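Beneath this line is the structure, given in structure tokens, with notes to follow.
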Amino acid sequence: MSLFAISGAIEAGLLFSLVALGVYLSFRVLSFPDLTVDGSFPLGAAVTAVAIVSDVNPYLATLLGTVAGGLAGLLSGYLNVRLRILNLLAGILTMVALYSINLRIMGRPNISLYGEETVFTPFEQFLGLGIWTNCVLLLIVAVAMKLFVDWFLATEIGLALRASGENPGMARAQSINNGRMTLLGMTISNGLVGLAGSLFAQSQGVADVNMGIGTIVTGLAALIIGETLIGNARVAGATLGCLIGAVLYRFFIAAALSAGVLGIQAQDLNLVTAIVVAVAVVLSQARRNRPGPARPALWQRLTRRRFQKG
Amino acid sequence: MNRRDVTRLVAALLLSAPAALAETTDVTEIAITYIVDHPAIDAAQQGMLDALAEGGYADGEKLALTVQSAQGSMPTQLQIAKEFAGREPDLLVGISTPSAQALQSVAGDRTVLFSAVTDPVAAKLVETLETPGANITGTTDKQPFEPTLELIRTLLPEATTLGVIYNAGEANSVAQVEALGDAVGAFGFELVEATAAQTAMVPDAALSLAGRVDAILIPTDSTIVSAIESVVNVGTKAKIPVIASDTDSVERGALAALGFDYYKLGWLTGEIALRILEGEDPGAIPVGALDTQDLYLNASSAEAMGVTLSDELLTTATKVIQ
């Protein structure tokens, strides 16, 4: 593998670690199998691309993309919580609708950002890191988002959100509003995915309406690989797993692209993905059956927080 | 298997990826990538390779070739582009708009050649079609619609409304339909659009046009062309002539096409590649386009769709399918 291929794998991996963090919040913390991400990823890209070509400041454009992603998640949550549509279907509906919405936003299927000012351009000269500029910047963003999720899930609202996902009945008994927690969690989750889409468009220099295909698979693959390696008993471990899993997953693909590993070619990538995920799931099940460290006493912590506050 | 074993396995897998092939000076390296496997893209690639072989660059001899498909995934396309950039090949080739854009974003001072891009200017690949600038050039599959519209006018002198089915999510298709919208007025047609985002939605789109249009025109849109049979089906039942833009579709039941041969486009791309390999400045080579269109007719479809083919048309046709 050349340095270029390695930088590409790290770059794509760090971008998708944001998706993995979002997927962790929905699938694991909220127990909400959310398929909105295939739509919120290109939504973040579309909003940012349109803003940038309309001469909006790239940082503001990125923020707009993130907020748009969050709104998409809020919509899925709303469909589920208020309109009582099954969570899986709510996500699918939003994803399908977003395809048309993204086309409307962009006005055409493909917007090139080549030669436009992006959040990465000011650092290209300034840092002087050549091909590693994007990797370094994305590492900072990914770690910051990981720490944000860690911090958020340790706040009182965050603990309530975890409680609501783990045992809604018990959470209700603690006077937690489960519906509101779903809305909040879905917004943050898809906000992260929107941010990933926004940064992806800027690093690759193009937003395309079809770029969301397979986002959920990649995000889940990253999450599961991370859980297999690090476990998900602790939030900090699980979020670190998202980062490592996403980068590792992209290295698998880079290895396959470098041609030769077991005769795997790019055409076989989807099969490789399926196998990697299946193996990771089996491994993490084996791991779960072994006696491990006890789960942190979530409920105790939650009660303590509430008690101290009261 | 414990965690350490997994880590070892992963490390072993990554390390076993072989280093780039040892470089020899007399072998030209060309790396080709495309977004998705598709007959038109395959034809373009084959045409290009044949032209290169004719020009003395045969794969395995003077040419070391790498070909990778992104499987329809943009993140994978980005990684392929980076991987290619790391190989330092003599020429990077992107077939389709997103592939060309991905290569352009990592190219630096490497030379990029594109093919089958409908609007290279809107895709920001080139500054103008005549002088692309920088180190990028290629071929476009944009075809003028005037000859096709003239053909429809000849086939159906009374027609006033023309339906078009396309995937609004395909940059290439949208560019074509825009061009079509500008061209129809001069031929006295009114354009009625129907869109299908997936192959499964093509029958509905075709049905929605039944009774509203006098003819249906299908651009070179991979989604619609994949399901051309369902459009032909509607056309036969509702007696609406279906005109395609690629010759393949005529063999699959469309009435006629003034087609575009992607193999020939690939050949043209190969000729440009040869010029670049011989040292010409890519930024000064105009974007290539095909000026020939082959007329294919389907006699049995014509009968089923209620159209009489004149002897004059039949004699000028490159191929008539019975």
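Following the order of the structure tokens, first chain is A, next is B, and so on, with residues numbered from 1 inside each chain and ligands from 1 in the order they appear.
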
Residues near Ala317 (chain B), cut-off 9 Å, only C-alpha atoms, skip fewer than 6 positions along chain, as a ChimeraX atom specification = /B:294-297

Restricted to C-alpha atoms, what would the selected residues look like written as a PDB file, in the first residue's frame?
ATOM      1  CA  ASP B 294     -25.754   5.145 -36.492  1.00  0.00           C
ATOM      2  CA  LEU B 295     -29.416   4.617 -37.364  1.00  0.00           C
ATOM      3  CA  TYR B 296     -30.873   1.381 -35.995  1.00  0.00           C
ATOM      4  CA  LEU B 297     -34.466   0.411 -36.731  1.00  0.00           C
TER       5      LEU B 297
END

Report as a JSON list (two decimals) with N, CA and C atoms, in the first residue's frame all protein, DNA and RNA residues lying within 9 Å of Gly235 (chain B), evaluated on only C-alpha atoms, omitting residues in the same chain fewer than 6 positions from it.
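Here's the written file part-v4.json:
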[["chain", "number", "residue", "atom", "x", "y", "z"],
["B", 206, "ALA", "N", -43.46, 5.08, -17.41],
["B", 206, "ALA", "CA", -43.91, 4.90, -18.79],
["B", 206, "ALA", "C", -45.43, 4.98, -18.86],
["B", 207, "LEU", "N", -46.10, 4.32, -17.91],
["B", 207, "LEU", "CA", -47.56, 4.33, -17.88],
["B", 207, "LEU", "C", -48.10, 5.75, -17.71],
["B", 210, "ALA", "N", -48.62, 7.38, -20.95],
["B", 210, "ALA", "CA", -49.59, 6.82, -21.90],
["B", 210, "ALA", "C", -50.80, 7.74, -22.01],
["B", 215, "ALA", "N", -45.10, 10.30, -28.65],
["B", 215, "ALA", "CA", -43.90, 9.47, -28.78],
["B", 215, "ALA", "C", -43.10, 9.58, -27.49],
["B", 216, "ILE", "N", -42.31, 8.55, -27.22],
["B", 216, "ILE", "CA", -41.46, 8.58, -26.01],
["B", 216, "ILE", "C", -40.01, 8.49, -26.45],
["B", 241, "PRO", "N", -44.87, 5.15, -30.17],
["B", 241, "PRO", "CA", -43.52, 4.79, -30.61],
["B", 241, "PRO", "C", -42.47, 5.15, -29.56],
["B", 242, "VAL", "N", -41.55, 4.21, -29.28],
["B", 242, "VAL", "CA", -40.48, 4.45, -28.31],
["B", 242, "VAL", "C", -39.16, 4.59, -29.06],
["B", 254, "ALA", "N", -36.91, -1.20, -28.78],
["B", 254, "ALA", "CA", -37.25, 0.18, -29.11],
["B", 254, "ALA", "C", -37.38, 0.31, -30.63],
["B", 304, "ALA", "N", -45.78, -3.06, -34.36],
["B", 304, "ALA", "CA", -46.53, -3.15, -33.11],
["B", 304, "ALA", "C", -46.92, -1.77, -32.60],
["B", 305, "MET", "N", -46.09, -0.76, -32.87],
["B", 305, "MET", "CA", -46.36, 0.57, -32.35],
["B", 305, "MET", "C", -47.11, 1.42, -33.38]]

query = Any idea what's packed within 10 Å of region 242-249 of chain A, counting only C-alpha atoms, ignoring anything in its chain fewer than 4 positions away? Could you give it as number ranges by chain?
reply = A: 9-24, 139, 142-143, 146, 218-230, 232, 236-238, 253-255, 273, 276-277; B: 10-11, 14

Kindly export the residues of the current selection with C-alpha atoms, as a PDB file, in the first residue's frame.
ATOM      1  CA  ALA A   9      -8.018   5.017   4.012  1.00  0.00           C
ATOM      2  CA  ILE A  10      -7.430   7.123   7.113  1.00  0.00           C
ATOM      3  CA  GLU A  11      -9.307  10.065   5.632  1.00  0.00           C
ATOM      4  CA  ALA A  12     -12.349   7.991   4.643  1.00  0.00           C
ATOM      5  CA  GLY A  13     -12.141   6.074   7.929  1.00  0.00           C
ATOM      6  CA  LEU A  14     -12.143   9.208  10.081  1.00  0.00           C
ATOM      7  CA  LEU A  15     -15.041  10.642   8.060  1.00  0.00           C
ATOM      8  CA  PHE A  16     -17.022   7.472   8.601  1.00  0.00           C
ATOM      9  CA  SER A  17     -16.121   7.344  12.288  1.00  0.00           C
ATOM     10  CA  LEU A  18     -18.544  10.279  12.621  1.00  0.00           C
ATOM     11  CA  VAL A  19     -21.206   8.119  10.971  1.00  0.00           C
ATOM     12  CA  ALA A  20     -20.276   5.264  13.316  1.00  0.00           C
ATOM     13  CA  LEU A  21     -20.682   7.587  16.320  1.00  0.00           C
ATOM     14  CA  GLY A  22     -24.127   8.561  15.041  1.00  0.00           C
ATOM     15  CA  VAL A  23     -25.051   4.938  14.436  1.00  0.00           C
ATOM     16  CA  TYR A  24     -23.800   4.075  17.940  1.00  0.00           C
ATOM     17  CA  LEU A 139      -8.592  13.293  13.348  1.00  0.00           C
ATOM     18  CA  ALA A 142     -13.341  12.883  15.069  1.00  0.00           C
ATOM     19  CA  VAL A 143     -11.683  12.959  18.495  1.00  0.00           C
ATOM     20  CA  LYS A 146     -15.965  11.320  20.349  1.00  0.00           C
ATOM     21  CA  THR A 218     -20.298   1.222   6.503  1.00  0.00           C
ATOM     22  CA  GLY A 219     -21.338   2.856   9.783  1.00  0.00           C
ATOM     23  CA  LEU A 220     -22.577  -0.419  11.239  1.00  0.00           C
ATOM     24  CA  ALA A 221     -19.514  -2.302  10.027  1.00  0.00           C
ATOM     25  CA  ALA A 222     -17.283   0.256  11.759  1.00  0.00           C
ATOM     26  CA  LEU A 223     -19.341   0.130  14.954  1.00  0.00           C
ATOM     27  CA  ILE A 224     -19.308  -3.654  15.091  1.00  0.00           C
ATOM     28  CA  ILE A 225     -15.588  -3.990  14.327  1.00  0.00           C
ATOM     29  CA  GLY A 226     -14.908  -1.466  17.096  1.00  0.00           C
ATOM     30  CA  GLU A 227     -17.112  -3.356  19.548  1.00  0.00           C
ATOM     31  CA  THR A 228     -15.336  -6.586  18.686  1.00  0.00           C
ATOM     32  CA  LEU A 229     -11.935  -5.091  19.392  1.00  0.00           C
ATOM     33  CA  ILE A 230     -12.693  -2.906  22.382  1.00  0.00           C
ATOM     34  CA  ASN A 232     -18.999  -1.596  24.420  1.00  0.00           C
ATOM     35  CA  ALA A 236     -15.630   5.914  26.149  1.00  0.00           C
ATOM     36  CA  GLY A 237     -14.562   2.480  24.934  1.00  0.00           C
ATOM     37  CA  ALA A 238     -17.452   2.160  22.506  1.00  0.00           C
ATOM     38  CA  ILE A 253     -10.979  -1.921   1.632  1.00  0.00           C
ATOM     39  CA  ALA A 254      -7.637  -0.301   0.823  1.00  0.00           C
ATOM     40  CA  ALA A 255      -5.981  -3.706   1.176  1.00  0.00           C
ATOM     41  CA  THR A 273     -17.972  -6.040   3.719  1.00  0.00           C
ATOM     42  CA  VAL A 276     -16.156  -8.666   7.742  1.00  0.00           C
ATOM     43  CA  VAL A 277     -19.383  -7.660   9.494  1.00  0.00           C
TER      44      VAL A 277
ATOM     45  CA  VAL B  10      -5.829  -7.663  10.935  1.00  0.00           C
ATOM     46  CA  ALA B  11      -2.158  -6.717  10.954  1.00  0.00           C
ATOM     47  CA  LEU B  14      -2.795  -5.481   5.939  1.00  0.00           C
TER      48      LEU B  14
END

message = Using only C-alpha atoms, can you tell me which of B:Leu217, B:Leu258, B:Ala102, B:Ile32 comes closest to chain A?
response = B:Ala102

inquiry  = Could you check the closest approach to Ser26 (chain A) for each of A:Val141, A:Ala256, A:Leu74, A:Leu127 and tell me which residue wins, using only C-alpha atoms?
reply    =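 Of A:Val141, A:Ala256, A:Leu74, A:Leu127, the one nearest Ser26 (chain A) is A:Leu74, counting only C-alpha atoms.
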
ask   = Hey, what's within 8 Å of Gly214 (chain A) if we count only C-alpha atoms and toss same-chain stuff fewer than 3 positions away? As a ChimeraX atom specification, please?
value = /A:38,217-218 /B:73

inquiry  = From the options B:Leu155, B:Ala183, B:Val231, B:Ile35, which residue's atoms come nearest to chain A, counting only C-alpha atoms?
reply    =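 Of B:Leu155, B:Ala183, B:Val231, B:Ile35, the one nearest chain A is B:Ile35, counting only C-alpha atoms.
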
query = Which residues, written as a ChimeraX atom specification, have at least one atom at most 9 Å from Ser249 (chain B), with only C-alpha atoms counted and residues fewer than 5 positions away on the same chain left out?
reply = /B:225,228-229,243-244,254-257

Go ahead and save the picked residues with C-alpha atoms, as a CSV table (one decimal), in the first residue's frame.
chain,number,residue,atom,x,y,z
B,225,VAL,CA,-32.1,1.7,-20.3
B,228,ILE,CA,-36.2,-0.5,-21.6
B,229,GLU,CA,-38.4,-3.6,-22.1
B,243,ILE,CA,-37.3,6.0,-29.6
B,244,ALA,CA,-34.0,5.3,-27.8
B,254,ALA,CA,-37.2,0.2,-29.1
B,255,LEU,CA,-38.5,1.4,-32.5
B,256,ALA,CA,-35.4,3.3,-33.5
B,257,ALA,CA,-32.3,5.0,-32.3

task = Report as a PyMOL selection string the set of chain A residues whose atoms approach chain B to within 8 Å, with distances computed over only C-alpha atoms.
result = chain A and resi 1-9+12+103+108-112+114+204-206+208-211+213-214+228-230+251-261+265-267+269-270+283+287

Let me see the file: selected residues, C-alpha atoms, as an mmCIF file, in the first residue's frame.
data_model
loop_
_atom_site.group_PDB
_atom_site.id
_atom_site.type_symbol
_atom_site.label_atom_id
_atom_site.label_comp_id
_atom_site.auth_asym_id
_atom_site.auth_seq_id
_atom_site.Cartn_x
_atom_site.Cartn_y
_atom_site.Cartn_z
ATOM 1 C CA MET A 1 0.000 0.000 0.000
ATOM 2 C CA SER A 2 1.334 3.424 -0.941
ATOM 3 C CA LEU A 3 1.300 6.417 1.401
ATOM 4 C CA PHE A 4 -1.470 7.876 -0.733
ATOM 5 C CA ALA A 5 -3.622 4.798 -0.295
ATOM 6 C CA ILE A 6 -2.967 4.885 3.459
ATOM 7 C CA SER A 7 -3.882 8.564 3.689
ATOM 8 C CA GLY A 8 -7.045 7.851 1.684
ATOM 9 C CA ALA A 9 -8.018 5.017 4.012
ATOM 10 C CA ALA A 12 -12.349 7.991 4.643
ATOM 11 C CA LEU A 103 -32.304 16.824 -5.464
ATOM 12 C CA ARG A 108 -29.189 19.045 -9.986
ATOM 13 C CA PRO A 109 -27.729 15.677 -9.048
ATOM 14 C CA ASN A 110 -24.079 16.659 -8.799
ATOM 15 C CA ILE A 111 -22.339 19.804 -7.544
ATOM 16 C CA SER A 112 -18.584 20.039 -7.909
ATOM 17 C CA TYR A 114 -13.438 21.768 -7.188
ATOM 18 C CA GLN A 204 -13.648 14.931 -2.023
ATOM 19 C CA GLY A 205 -14.708 18.115 -3.762
ATOM 20 C CA VAL A 206 -18.115 16.929 -4.904
ATOM 21 C CA ASP A 208 -23.672 13.790 -5.468
ATOM 22 C CA VAL A 209 -27.248 12.767 -4.775
ATOM 23 C CA ASN A 210 -26.265 9.086 -4.917
ATOM 24 C CA MET A 211 -23.400 9.354 -2.444
ATOM 25 C CA ILE A 213 -25.764 4.555 -0.796
ATOM 26 C CA GLY A 214 -24.372 2.119 1.750
ATOM 27 C CA THR A 228 -15.336 -6.586 18.686
ATOM 28 C CA LEU A 229 -11.935 -5.091 19.392
ATOM 29 C CA ILE A 230 -12.693 -2.906 22.382
ATOM 30 C CA PHE A 251 -7.965 -0.298 5.628
ATOM 31 C CA PHE A 252 -9.630 -3.591 4.759
ATOM 32 C CA ILE A 253 -10.979 -1.921 1.632
ATOM 33 C CA ALA A 254 -7.637 -0.301 0.823
ATOM 34 C CA ALA A 255 -5.981 -3.706 1.176
ATOM 35 C CA ALA A 256 -8.557 -5.197 -1.165
ATOM 36 C CA LEU A 257 -7.986 -2.329 -3.619
ATOM 37 C CA SER A 258 -4.225 -2.793 -3.541
ATOM 38 C CA ALA A 259 -5.046 -6.009 -5.384
ATOM 39 C CA GLY A 260 -3.612 -9.325 -4.475
ATOM 40 C CA VAL A 261 -4.777 -10.044 -0.932
ATOM 41 C CA GLN A 265 -10.600 -7.178 -6.274
ATOM 42 C CA ALA A 266 -12.688 -4.038 -6.032
ATOM 43 C CA GLN A 267 -15.629 -5.903 -7.546
ATOM 44 C CA LEU A 269 -15.873 -5.341 -1.945
ATOM 45 C CA ASN A 270 -19.531 -5.723 -1.063
ATOM 46 C CA LEU A 283 -16.606 -12.625 17.502
ATOM 47 C CA ARG A 287 -16.914 -12.206 23.699
#

message = Let's see if you can do this: from backbone DSSP, list all strand (DSSP E) residues in region 135-272 of chain B, as an MDAnalysis selection string.
response = chainID B and resid 136:140 161:166 190:195 215:217 242:244 256:259

Export N, CA and C atoms of the chosen residues as a PDB file, in the first residue's frame?
ATOM      1  N   ILE B 136      -5.873  18.015 -17.683  1.00  0.00           N
ATOM      2  CA  ILE B 136      -7.020  17.119 -17.796  1.00  0.00           C
ATOM      3  C   ILE B 136      -7.717  17.312 -19.140  1.00  0.00           C
ATOM      4  N   THR B 137      -8.105  16.233 -19.761  1.00  0.00           N
ATOM      5  CA  THR B 137      -8.930  16.295 -20.966  1.00  0.00           C
ATOM      6  C   THR B 137      -9.645  14.956 -21.107  1.00  0.00           C
ATOM      7  N   GLY B 138     -10.419  14.800 -22.164  1.00  0.00           N
ATOM      8  CA  GLY B 138     -11.139  13.542 -22.309  1.00  0.00           C
ATOM      9  C   GLY B 138     -12.175  13.598 -23.403  1.00  0.00           C
ATOM     10  N   THR B 139     -13.212  12.773 -23.253  1.00  0.00           N
ATOM     11  CA  THR B 139     -14.268  12.742 -24.268  1.00  0.00           C
ATOM     12  C   THR B 139     -15.627  12.852 -23.592  1.00  0.00           C
ATOM     13  N   THR B 140     -16.554  13.472 -24.298  1.00  0.00           N
ATOM     14  CA  THR B 140     -17.900  13.646 -23.767  1.00  0.00           C
ATOM     15  C   THR B 140     -18.880  12.779 -24.557  1.00  0.00           C
ATOM     16  N   THR B 161     -46.658  16.131 -29.005  1.00  0.00           N
ATOM     17  CA  THR B 161     -46.078  16.015 -27.667  1.00  0.00           C
ATOM     18  C   THR B 161     -45.087  14.859 -27.632  1.00  0.00           C
ATOM     19  N   LEU B 162     -43.958  15.121 -26.942  1.00  0.00           N
ATOM     20  CA  LEU B 162     -42.895  14.138 -26.864  1.00  0.00           C
ATOM     21  C   LEU B 162     -42.605  13.856 -25.384  1.00  0.00           C
ATOM     22  N   GLY B 163     -42.736  12.596 -24.990  1.00  0.00           N
ATOM     23  CA  GLY B 163     -42.450  12.237 -23.602  1.00  0.00           C
ATOM     24  C   GLY B 163     -40.995  11.841 -23.445  1.00  0.00           C
ATOM     25  N   VAL B 164     -40.426  12.136 -22.277  1.00  0.00           N
ATOM     26  CA  VAL B 164     -39.057  11.696 -22.002  1.00  0.00           C
ATOM     27  C   VAL B 164     -39.027  11.085 -20.605  1.00  0.00           C
ATOM     28  N   ILE B 165     -38.383   9.937 -20.456  1.00  0.00           N
ATOM     29  CA  ILE B 165     -38.263   9.289 -19.147  1.00  0.00           C
ATOM     30  C   ILE B 165     -36.799   9.294 -18.759  1.00  0.00           C
ATOM     31  N   TYR B 166     -36.495   9.760 -17.549  1.00  0.00           N
ATOM     32  CA  TYR B 166     -35.096   9.794 -17.117  1.00  0.00           C
ATOM     33  C   TYR B 166     -35.018   9.734 -15.598  1.00  0.00           C
ATOM     34  N   GLU B 190     -43.773  19.513 -27.900  1.00  0.00           N
ATOM     35  CA  GLU B 190     -43.852  19.962 -26.508  1.00  0.00           C
ATOM     36  C   GLU B 190     -43.326  18.817 -25.666  1.00  0.00           C
ATOM     37  N   LEU B 191     -42.453  19.102 -24.706  1.00  0.00           N
ATOM     38  CA  LEU B 191     -41.803  18.041 -23.940  1.00  0.00           C
ATOM     39  C   LEU B 191     -42.587  17.735 -22.662  1.00  0.00           C
ATOM     40  N   VAL B 192     -42.857  16.443 -22.407  1.00  0.00           N
ATOM     41  CA  VAL B 192     -43.504  16.005 -21.168  1.00  0.00           C
ATOM     42  C   VAL B 192     -42.519  15.099 -20.441  1.00  0.00           C
ATOM     43  N   GLU B 193     -42.157  15.476 -19.201  1.00  0.00           N
ATOM     44  CA  GLU B 193     -41.140  14.718 -18.486  1.00  0.00           C
ATOM     45  C   GLU B 193     -41.754  13.709 -17.523  1.00  0.00           C
ATOM     46  N   ALA B 194     -41.124  12.540 -17.407  1.00  0.00           N
ATOM     47  CA  ALA B 194     -41.475  11.573 -16.370  1.00  0.00           C
ATOM     48  C   ALA B 194     -40.159  11.060 -15.807  1.00  0.00           C
ATOM     49  N   THR B 195     -40.088  10.883 -14.468  1.00  0.00           N
ATOM     50  CA  THR B 195     -38.824  10.450 -13.891  1.00  0.00           C
ATOM     51  C   THR B 195     -38.987   9.132 -13.149  1.00  0.00           C
ATOM     52  N   ALA B 215     -45.103  10.304 -28.651  1.00  0.00           N
ATOM     53  CA  ALA B 215     -43.904   9.471 -28.781  1.00  0.00           C
ATOM     54  C   ALA B 215     -43.103   9.581 -27.494  1.00  0.00           C
ATOM     55  N   ILE B 216     -42.308   8.546 -27.223  1.00  0.00           N
ATOM     56  CA  ILE B 216     -41.464   8.580 -26.015  1.00  0.00           C
ATOM     57  C   ILE B 216     -40.010   8.494 -26.448  1.00  0.00           C
ATOM     58  N   LEU B 217     -39.193   9.396 -25.899  1.00  0.00           N
ATOM     59  CA  LEU B 217     -37.762   9.387 -26.195  1.00  0.00           C
ATOM     60  C   LEU B 217     -36.998   9.008 -24.925  1.00  0.00           C
ATOM     61  N   VAL B 242     -41.549   4.215 -29.284  1.00  0.00           N
ATOM     62  CA  VAL B 242     -40.481   4.449 -28.307  1.00  0.00           C
ATOM     63  C   VAL B 242     -39.163   4.590 -29.061  1.00  0.00           C
ATOM     64  N   ILE B 243     -38.546   5.751 -28.926  1.00  0.00           N
ATOM     65  CA  ILE B 243     -37.275   6.021 -29.600  1.00  0.00           C
ATOM     66  C   ILE B 243     -36.171   6.040 -28.542  1.00  0.00           C
ATOM     67  N   ALA B 244     -35.093   5.353 -28.793  1.00  0.00           N
ATOM     68  CA  ALA B 244     -34.006   5.306 -27.822  1.00  0.00           C
ATOM     69  C   ALA B 244     -32.830   6.149 -28.307  1.00  0.00           C
ATOM     70  N   ALA B 256     -36.577   2.810 -32.798  1.00  0.00           N
ATOM     71  CA  ALA B 256     -35.444   3.339 -33.545  1.00  0.00           C
ATOM     72  C   ALA B 256     -34.481   4.055 -32.611  1.00  0.00           C
ATOM     73  N   ALA B 257     -33.258   4.206 -33.052  1.00  0.00           N
ATOM     74  CA  ALA B 257     -32.293   5.013 -32.317  1.00  0.00           C
ATOM     75  C   ALA B 257     -31.256   5.544 -33.281  1.00  0.00           C
ATOM     76  N   LEU B 258     -30.920   6.818 -33.096  1.00  0.00           N
ATOM     77  CA  LEU B 258     -29.768   7.358 -33.800  1.00  0.00           C
ATOM     78  C   LEU B 258     -28.675   7.242 -32.776  1.00  0.00           C
ATOM     79  N   GLY B 259     -27.988   6.138 -32.820  1.00  0.00           N
ATOM     80  CA  GLY B 259     -27.232   5.784 -31.650  1.00  0.00           C
ATOM     81  C   GLY B 259     -25.817   6.193 -31.646  1.00  0.00           C
TER      82      GLY B 259
END

Output as JSON lines one row per residue of region 71-102 of chain A within 8 Å of region 179-196 of chain A: the closest atom pair and its distance in Å to one decimal place, counting only C-alpha atoms, sorted by chain and residue number ascending.
{"residue": "A:Leu71", "atom": "CA", "partner": "A:Thr187", "partner_atom": "CA", "distance": 6.2}
{"residue": "A:Ala72", "atom": "CA", "partner": "A:Asn190", "partner_atom": "CA", "distance": 6.8}
{"residue": "A:Gly73", "atom": "CA", "partner": "A:Thr187", "partner_atom": "CA", "distance": 4.7}
{"residue": "A:Leu74", "atom": "CA", "partner": "A:Thr187", "partner_atom": "CA", "distance": 4.8}
{"residue": "A:Ser76", "atom": "CA", "partner": "A:Met186", "partner_atom": "CA", "distance": 7.5}
{"residue": "A:Gly77", "atom": "CA", "partner": "A:Leu183", "partner_atom": "CA", "distance": 4.9}
{"residue": "A:Tyr78", "atom": "CA", "partner": "A:Leu183", "partner_atom": "CA", "distance": 6.6}
{"residue": "A:Val81", "atom": "CA", "partner": "A:Gly179", "partner_atom": "CA", "distance": 5.5}
{"residue": "A:Arg82", "atom": "CA", "partner": "A:Gly179", "partner_atom": "CA", "distance": 7.9}

Taking N, CA and C atoms for each residue, export the selection above as a JSON list (two decimals), in the first residue's frame.
[["chain", "number", "residue", "atom", "x", "y", "z"],
["A", 71, "LEU", "N", -31.94, 17.80, 11.66],
["A", 71, "LEU", "CA", -33.38, 17.95, 11.41],
["A", 71, "LEU", "C", -33.95, 16.68, 10.78],
["A", 72, "ALA", "N", -33.16, 16.04, 9.90],
["A", 72, "ALA", "CA", -33.62, 14.79, 9.29],
["A", 72, "ALA", "C", -33.84, 13.73, 10.36],
["A", 73, "GLY", "N", -32.91, 13.67, 11.33],
["A", 73, "GLY", "CA", -33.06, 12.72, 12.43],
["A", 73, "GLY", "C", -34.28, 13.05, 13.27],
["A", 74, "LEU", "N", -34.48, 14.35, 13.50],
["A", 74, "LEU", "CA", -35.65, 14.79, 14.27],
["A", 74, "LEU", "C", -36.94, 14.35, 13.58],
["A", 76, "SER", "N", -37.34, 11.72, 11.56],
["A", 76, "SER", "CA", -37.54, 10.27, 11.78],
["A", 76, "SER", "C", -38.07, 10.01, 13.18],
["A", 77, "GLY", "N", -37.47, 10.72, 14.16],
["A", 77, "GLY", "CA", -37.91, 10.57, 15.54],
["A", 77, "GLY", "C", -39.37, 10.97, 15.70],
["A", 78, "TYR", "N", -39.72, 12.08, 15.03],
["A", 78, "TYR", "CA", -41.09, 12.58, 15.13],
["A", 78, "TYR", "C", -42.08, 11.57, 14.55],
["A", 81, "VAL", "N", -42.18, 8.78, 17.24],
["A", 81, "VAL", "CA", -42.70, 9.08, 18.57],
["A", 81, "VAL", "C", -44.12, 9.65, 18.52],
["A", 82, "ARG", "N", -44.31, 10.64, 17.65],
["A", 82, "ARG", "CA", -45.60, 11.33, 17.65],
["A", 82, "ARG", "C", -46.62, 10.64, 16.74]]

key: Contact residues around Ser230 (chain B) with only C-alpha atoms at 10 Å, ignoring same-chain residues under 5 positions, as a PyMOL selection string   = chain B and resi 199-207+224-225+235-236+253

Atoms to include: C-alpha atoms. Write the selected residues as a CSV table (one decimal), in the first residue's frame.
chain,number,residue,atom,x,y,z
B,199,THR,CA,-35.3,0.5,-12.4
B,200,ALA,CA,-38.4,-0.7,-10.6
B,201,MET,CA,-40.1,2.6,-11.1
B,202,VAL,CA,-39.7,2.7,-14.9
B,203,PRO,CA,-43.0,0.9,-15.7
B,204,ASP,CA,-44.9,3.5,-13.7
B,205,ALA,CA,-43.1,6.4,-15.4
B,206,ALA,CA,-43.9,4.9,-18.8
B,207,LEU,CA,-47.6,4.3,-17.9
B,224,ILE,CA,-34.2,3.6,-17.8
B,225,VAL,CA,-32.1,1.7,-20.3
B,235,GLY,CA,-45.4,1.6,-26.1
B,236,THR,CA,-46.7,-1.5,-27.8
B,253,GLY,CA,-37.5,-3.6,-28.7

message = Would you compute the distance between CA of Glu127 (chain B) and CA of Leu113 (chain A)? Give it in Å to one decimal.
response =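 Separating CA of Glu127 (chain B) from CA of Leu113 (chain A) is a distance of 14.0 Å.
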
task = Taking the DSSP assignment computed from this structure's backbone, write out as a PyMOL selection string all residues of region 94-282 of chain A that belong to helix (DSSP H, G or I).
result = chain A and resi 94-106+121-127+130-154+156-166+168-173+178-204+215-230+235-257+261-263+266-282

key: Nearby residues (only C-alpha atoms) at most 9 Å from Leu268 (chain B), same-chain spacing under 2 positions excluded, as a list in words   = Gly47, Met48, Ala51, Gly138, Thr139, Tyr263, Lys264, Leu265, Gly266, Gly270, Glu271, Ile272, Ala273, Gly288, Ala289 and Leu290 of chain B

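Pairwise distance (CA of Phe123 (chain A), CA of Ala46 (chain A)) equals 22.9 Å.
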
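Counting only C-alpha atoms, the residue from B:Val177, B:Ala53, B:Ile95, B:Leu63 that sits nearest to Pro144 (chain B) is B:Val177.
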
request  = Please indicate the distance in Å from CA of Leu43 (chain A) to CA of Asn102 (chain A), rounded to one decimal place.
outcome  = 5.8 Å
